[in-house]
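Visitor: What follows is a single structure, and I will ask about it in a moment.
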Amino acid sequence: MTHEKAGSRGSFIKLLIPPRVREVKITEVLPCLAAEDRIRIVGNTGEKLSDILPVIYLYIPQATYSRESDSVSFMFEEHLITIFGEGKITATNLKDRDEAMRILNYVKDLLNRAAVYVIRYGTPTPEFISSKPKVNPIEINKILPKKDCGECGASTCYGFAVKLALGECEPSQCLYLDANGRKELQKKIHFIRI
Ligand code: SF4
């Protein structure tokens, strides 16, 4: 099956499909190894996720995926997140439980969007997984408006390009990009859309 980009029809289908992951519960709160005043958590979805992990890997530019350990890892904000096929999620460098829940809700939304992708197109083949290109901030920067205004939270457009390449923000956070620019950036950043 062809792995297409999701469009408005995709959004409509998402509304019709019940979420695969309804809840993520925190099962463990542990000290964070990186900072004394921070915590890391273990969460559980109660769902098997192996089939949707490759989709997360293909969507998030800097994610890593291991078939052997059945897991996908990526940075979100300053947190290292790992999702395991058995349904477990770990997240590091968290201020408190409230922040942990915000991060877990973000991951839940990501998983449910990836699950819709799998329903539509199937689990990505090994060939498709290995064809994911690297995202280059220099190429992304070429599309940005070059105002260096800082309104996106990065002090320069190049800083924003680096964040985009890491999957830490979205093109819509640049107030000066028009719809075409946003579309072009989405294509460069995400190998697939979910
Ligand atoms: S808001 Fe847009 S124009 Fe301003 S610094 Fe960020 S990327 Fe550049």
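In the structure tokens, chains take letters A, B, ... by order of appearance, with residues numbered from 1 within each chain and ligands from 1 in the order shown.
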Around ligand 1, which protein and nucleic acid residues have at least one atom no more than 6 Å from it, if we count only C-alpha atoms and all ligand atoms? List them as a list in words.
Guide: Leu144, Pro145, Lys146, Lys147, Asp148, Cys149, Gly150, Glu151, Cys152, Ala154, Ser155, Thr156, Cys157, Phe160, Cys174, Leu175 and Tyr176 of chain A
Visitor: Using only C-alpha atoms, can you tell me which of A:Ile89, A:Ala63, A:Ala100, A:Val118 comes closest to Phe191 in chain A?
Guide: A:Ala63
Visitor: List as a VMD selection string the protein and nucleic acid residues near Asp178 in chain A, meaning an atom at most 12 Å away when only C-alpha atoms are counted, but skip any in the same chain fewer than 6 places from it.
Guide: chain A and resid 143 to 145 171 to 172 184 to 185
Visitor: Produce a file of the selected residues containing C-alpha atoms, as a JSON list (two decimals), in the first residue's frame.
Guide:
[["chain", "number", "residue", "atom", "x", "y", "z"],
["A", 143, "ILE", "CA", 12.42, 28.64, 3.59],
["A", 144, "LEU", "CA", 12.22, 30.82, 6.75],
["A", 145, "PRO", "CA", 11.57, 34.60, 6.44],
["A", 171, "PRO", "CA", 6.21, 25.74, 11.41],
["A", 172, "SER", "CA", 3.04, 27.49, 12.62],
["A", 184, "GLU", "CA", 6.77, 23.34, 2.24],
["A", 185, "LEU", "CA", 8.35, 23.11, 5.68]]
Visitor: Between CA of Ile39 in chain A and CA of Arg67 in chain A, what is the spacing in Å?
Guide: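 Distance between the two atoms: 27.7 Å.
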Visitor: Give the answer as one residue: which of A:Ala165, A:Leu177, A:Leu16, A:Val116 has the shortest atom-to-atom distance to His190 in chain A, using only C-alpha atoms?
Guide: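 Among A:Ala165, A:Leu177, A:Leu16, A:Val116, it is A:Ala165 that comes nearest to His190 in chain A.
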Visitor: Just the number, please: distance in Å from CA of Val135 in chain A to CA of Lys188 in chain A, one decimal.
Guide: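 Between CA of Val135 in chain A and CA of Lys188 in chain A the gap is 7.0 Å.
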Visitor: Could you tell me, as a ChimeraX atom specification, which residues of range 86-170 of chain A DSSP assigns to alpha helix (DSSP H) when given the backbone?
Guide: /A:97-121,126-130,137-143,157-165
Visitor: Leaving out Val107 in chain A and any residue of its chain fewer than 6 positions from it, which residues lie within 9 Å of it when counting only C-alpha atoms, given as a list in words?
Guide: Val24, Ile81, Ile83 and Ile89 of chain A
Visitor: So that I have them on file, write out the residues from the current selection with C-alpha atoms, as a PDB file, in the first residue's frame.
Guide:
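Ended up saving to result06.pdb:
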ATOM      1  CA  VAL A  24      -1.757   6.632  30.055  1.00  0.00           C
ATOM      2  CA  ILE A  81      10.833   9.995  25.715  1.00  0.00           C
ATOM      3  CA  ILE A  83       7.891   4.276  23.908  1.00  0.00           C
ATOM      4  CA  ILE A  89       6.436   4.923  28.136  1.00  0.00           C
TER       5      ILE A  89
END
Visitor: Taking only C-alpha atoms into account, which of A:Tyr158, A:Tyr106, A:Tyr57, A:Tyr117 comes nearest Lys134 in chain A?
Guide: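 Closest residue, counting only C-alpha atoms: A:Tyr57.
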Visitor: Write out as a ChimeraX atom specification the set of residues from range 10-179 of chain A that DSSP, computed on the backbone, places in strand (DSSP E or B).
Guide: /A:25-31,39-44,64-66,71-76,79-84,88-94
Visitor: Go ahead and write the residues just picked, N, CA and C atoms, as an mmCIF file, in the first residue's frame.
Guide:
data_model
loop_
_atom_site.group_PDB
_atom_site.id
_atom_site.type_symbol
_atom_site.label_atom_id
_atom_site.label_comp_id
_atom_site.auth_asym_id
_atom_site.auth_seq_id
_atom_site.Cartn_x
_atom_site.Cartn_y
_atom_site.Cartn_z
ATOM 1 N N LYS A 25 -1.387 5.785 32.289
ATOM 2 C CA LYS A 25 -1.276 5.916 33.749
ATOM 3 C C LYS A 25 0.187 5.977 34.151
ATOM 4 N N ILE A 26 0.483 6.818 35.135
ATOM 5 C CA ILE A 26 1.846 6.834 35.688
ATOM 6 C C ILE A 26 1.964 5.655 36.643
ATOM 7 N N THR A 27 2.937 4.769 36.392
ATOM 8 C CA THR A 27 3.088 3.581 37.247
ATOM 9 C C THR A 27 4.280 3.711 38.199
ATOM 10 N N GLU A 28 5.244 4.568 37.838
ATOM 11 C CA GLU A 28 6.409 4.758 38.711
ATOM 12 C C GLU A 28 6.894 6.194 38.613
ATOM 13 N N VAL A 29 7.290 6.768 39.740
ATOM 14 C CA VAL A 29 7.945 8.081 39.755
ATOM 15 C C VAL A 29 9.315 7.875 40.396
ATOM 16 N N LEU A 30 10.372 8.231 39.667
ATOM 17 C CA LEU A 30 11.734 7.946 40.121
ATOM 18 C C LEU A 30 12.568 9.220 40.075
ATOM 19 N N PRO A 31 13.682 9.246 40.834
ATOM 20 C CA PRO A 31 14.557 10.419 40.715
ATOM 21 C C PRO A 31 15.168 10.456 39.318
ATOM 22 N N ILE A 39 12.335 14.658 38.232
ATOM 23 C CA ILE A 39 11.895 13.256 38.303
ATOM 24 C C ILE A 39 11.863 12.644 36.907
ATOM 25 N N ARG A 40 11.852 11.320 36.866
ATOM 26 C CA ARG A 40 11.539 10.618 35.615
ATOM 27 C C ARG A 40 10.374 9.694 35.928
ATOM 28 N N ILE A 41 9.621 9.387 34.939
ATOM 29 C CA ILE A 41 8.434 8.569 35.209
ATOM 30 C C ILE A 41 8.348 7.392 34.229
ATOM 31 N N VAL A 42 7.613 6.389 34.685
ATOM 32 C CA VAL A 42 7.247 5.281 33.807
ATOM 33 C C VAL A 42 5.731 5.325 33.711
ATOM 34 N N GLY A 43 5.236 5.278 32.485
ATOM 35 C CA GLY A 43 3.786 5.267 32.282
ATOM 36 C C GLY A 43 3.384 4.003 31.544
ATOM 37 N N ASN A 44 2.100 3.703 31.577
ATOM 38 C CA ASN A 44 1.639 2.542 30.820
ATOM 39 C C ASN A 44 0.309 2.818 30.130
ATOM 40 N N THR A 64 14.805 7.817 17.069
ATOM 41 C CA THR A 64 15.545 6.588 16.755
ATOM 42 C C THR A 64 14.603 5.416 17.018
ATOM 43 N N TYR A 65 14.766 4.379 16.200
ATOM 44 C CA TYR A 65 13.867 3.220 16.318
ATOM 45 C C TYR A 65 14.706 1.960 16.379
ATOM 46 N N SER A 66 14.364 1.055 17.293
ATOM 47 C CA SER A 66 15.068 -0.229 17.369
ATOM 48 C C SER A 66 14.055 -1.360 17.295
ATOM 49 N N SER A 71 11.328 -0.448 20.406
ATOM 50 C CA SER A 71 11.127 0.855 21.050
ATOM 51 C C SER A 71 11.479 1.991 20.102
ATOM 52 N N VAL A 72 10.916 3.150 20.386
ATOM 53 C CA VAL A 72 11.265 4.364 19.658
ATOM 54 C C VAL A 72 11.575 5.448 20.696
ATOM 55 N N SER A 73 12.612 6.242 20.445
ATOM 56 C CA SER A 73 13.008 7.304 21.390
ATOM 57 C C SER A 73 13.141 8.617 20.649
ATOM 58 N N PHE A 74 12.851 9.709 21.340
ATOM 59 C CA PHE A 74 13.007 11.040 20.751
ATOM 60 C C PHE A 74 12.995 12.074 21.863
ATOM 61 N N MET A 75 13.510 13.268 21.554
ATOM 62 C CA MET A 75 13.464 14.367 22.514
ATOM 63 C C MET A 75 12.200 15.178 22.248
ATOM 64 N N PHE A 76 11.513 15.556 23.301
ATOM 65 C CA PHE A 76 10.402 16.508 23.188
ATOM 66 C C PHE A 76 10.634 17.561 24.268
ATOM 67 N N HIS A 79 12.864 16.714 27.293
ATOM 68 C CA HIS A 79 12.606 15.390 27.861
ATOM 69 C C HIS A 79 12.937 14.275 26.874
ATOM 70 N N LEU A 80 13.645 13.270 27.351
ATOM 71 C CA LEU A 80 13.875 12.088 26.518
ATOM 72 C C LEU A 80 12.694 11.142 26.731
ATOM 73 N N ILE A 81 12.012 10.855 25.630
ATOM 74 C CA ILE A 81 10.833 9.995 25.715
ATOM 75 C C ILE A 81 11.120 8.694 24.985
ATOM 76 N N THR A 82 10.794 7.581 25.631
ATOM 77 C CA THR A 82 10.927 6.280 24.965
ATOM 78 C C THR A 82 9.591 5.546 25.072
ATOM 79 N N ILE A 83 9.151 5.040 23.943
ATOM 80 C CA ILE A 83 7.891 4.276 23.908
ATOM 81 C C ILE A 83 8.249 2.841 23.543
ATOM 82 N N PHE A 84 7.732 1.891 24.304
ATOM 83 C CA PHE A 84 8.031 0.480 24.076
ATOM 84 C C PHE A 84 6.802 -0.232 23.503
ATOM 85 N N LYS A 88 4.676 0.420 27.399
ATOM 86 C CA LYS A 88 5.290 1.274 28.430
ATOM 87 C C LYS A 88 5.852 2.556 27.804
ATOM 88 N N ILE A 89 5.837 3.650 28.572
ATOM 89 C CA ILE A 89 6.436 4.923 28.136
ATOM 90 C C ILE A 89 7.315 5.434 29.279
ATOM 91 N N THR A 90 8.512 5.892 28.960
ATOM 92 C CA THR A 90 9.333 6.548 29.983
ATOM 93 C C THR A 90 9.610 7.982 29.540
ATOM 94 N N ALA A 91 9.719 8.881 30.498
ATOM 95 C CA ALA A 91 10.033 10.286 30.192
ATOM 96 C C ALA A 91 10.934 10.816 31.299
ATOM 97 N N THR A 92 11.945 11.595 30.913
ATOM 98 C CA THR A 92 12.946 12.077 31.875
ATOM 99 C C THR A 92 12.847 13.591 32.078
ATOM 100 N N ASN A 93 13.607 14.050 33.081
ATOM 101 C CA ASN A 93 13.831 15.483 33.297
ATOM 102 C C ASN A 93 12.533 16.276 33.477
ATOM 103 N N LEU A 94 11.671 15.764 34.357
ATOM 104 C CA LEU A 94 10.365 16.400 34.569
ATOM 105 C C LEU A 94 10.343 17.145 35.901
#
Visitor: So, with only C-alpha atoms as the atoms that count, which of A:Ala179, A:Ala161, A:Pro19, A:Pro54 lies closest to Glu127 in chain A?
Guide: A:Pro54
Visitor: Let me make sure I understand: among A:Arg38, A:Lys187, A:Arg193, A:Lys108, which one has the smallest atom-to-atom distance to Glu139 in chain A if we use only C-alpha atoms?
Guide: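 Among A:Arg38, A:Lys187, A:Arg193, A:Lys108, it is A:Lys187 that comes nearest to Glu139 in chain A.
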Visitor: By how many Å are CA of Ile140 in chain A and CA of Gln186 in chain A apart?
Guide: 9.8 Å
Visitor: I'd like the neighbourhood of Glu170 in chain A as JSON, numbers by chain, where a residue qualifies if any of its atoms comes within 9 Å (using only C-alpha atoms), though same-chain residues fewer than 6 positions away should be ignored.
Guide: {"A": [163, 164, 182, 186]}
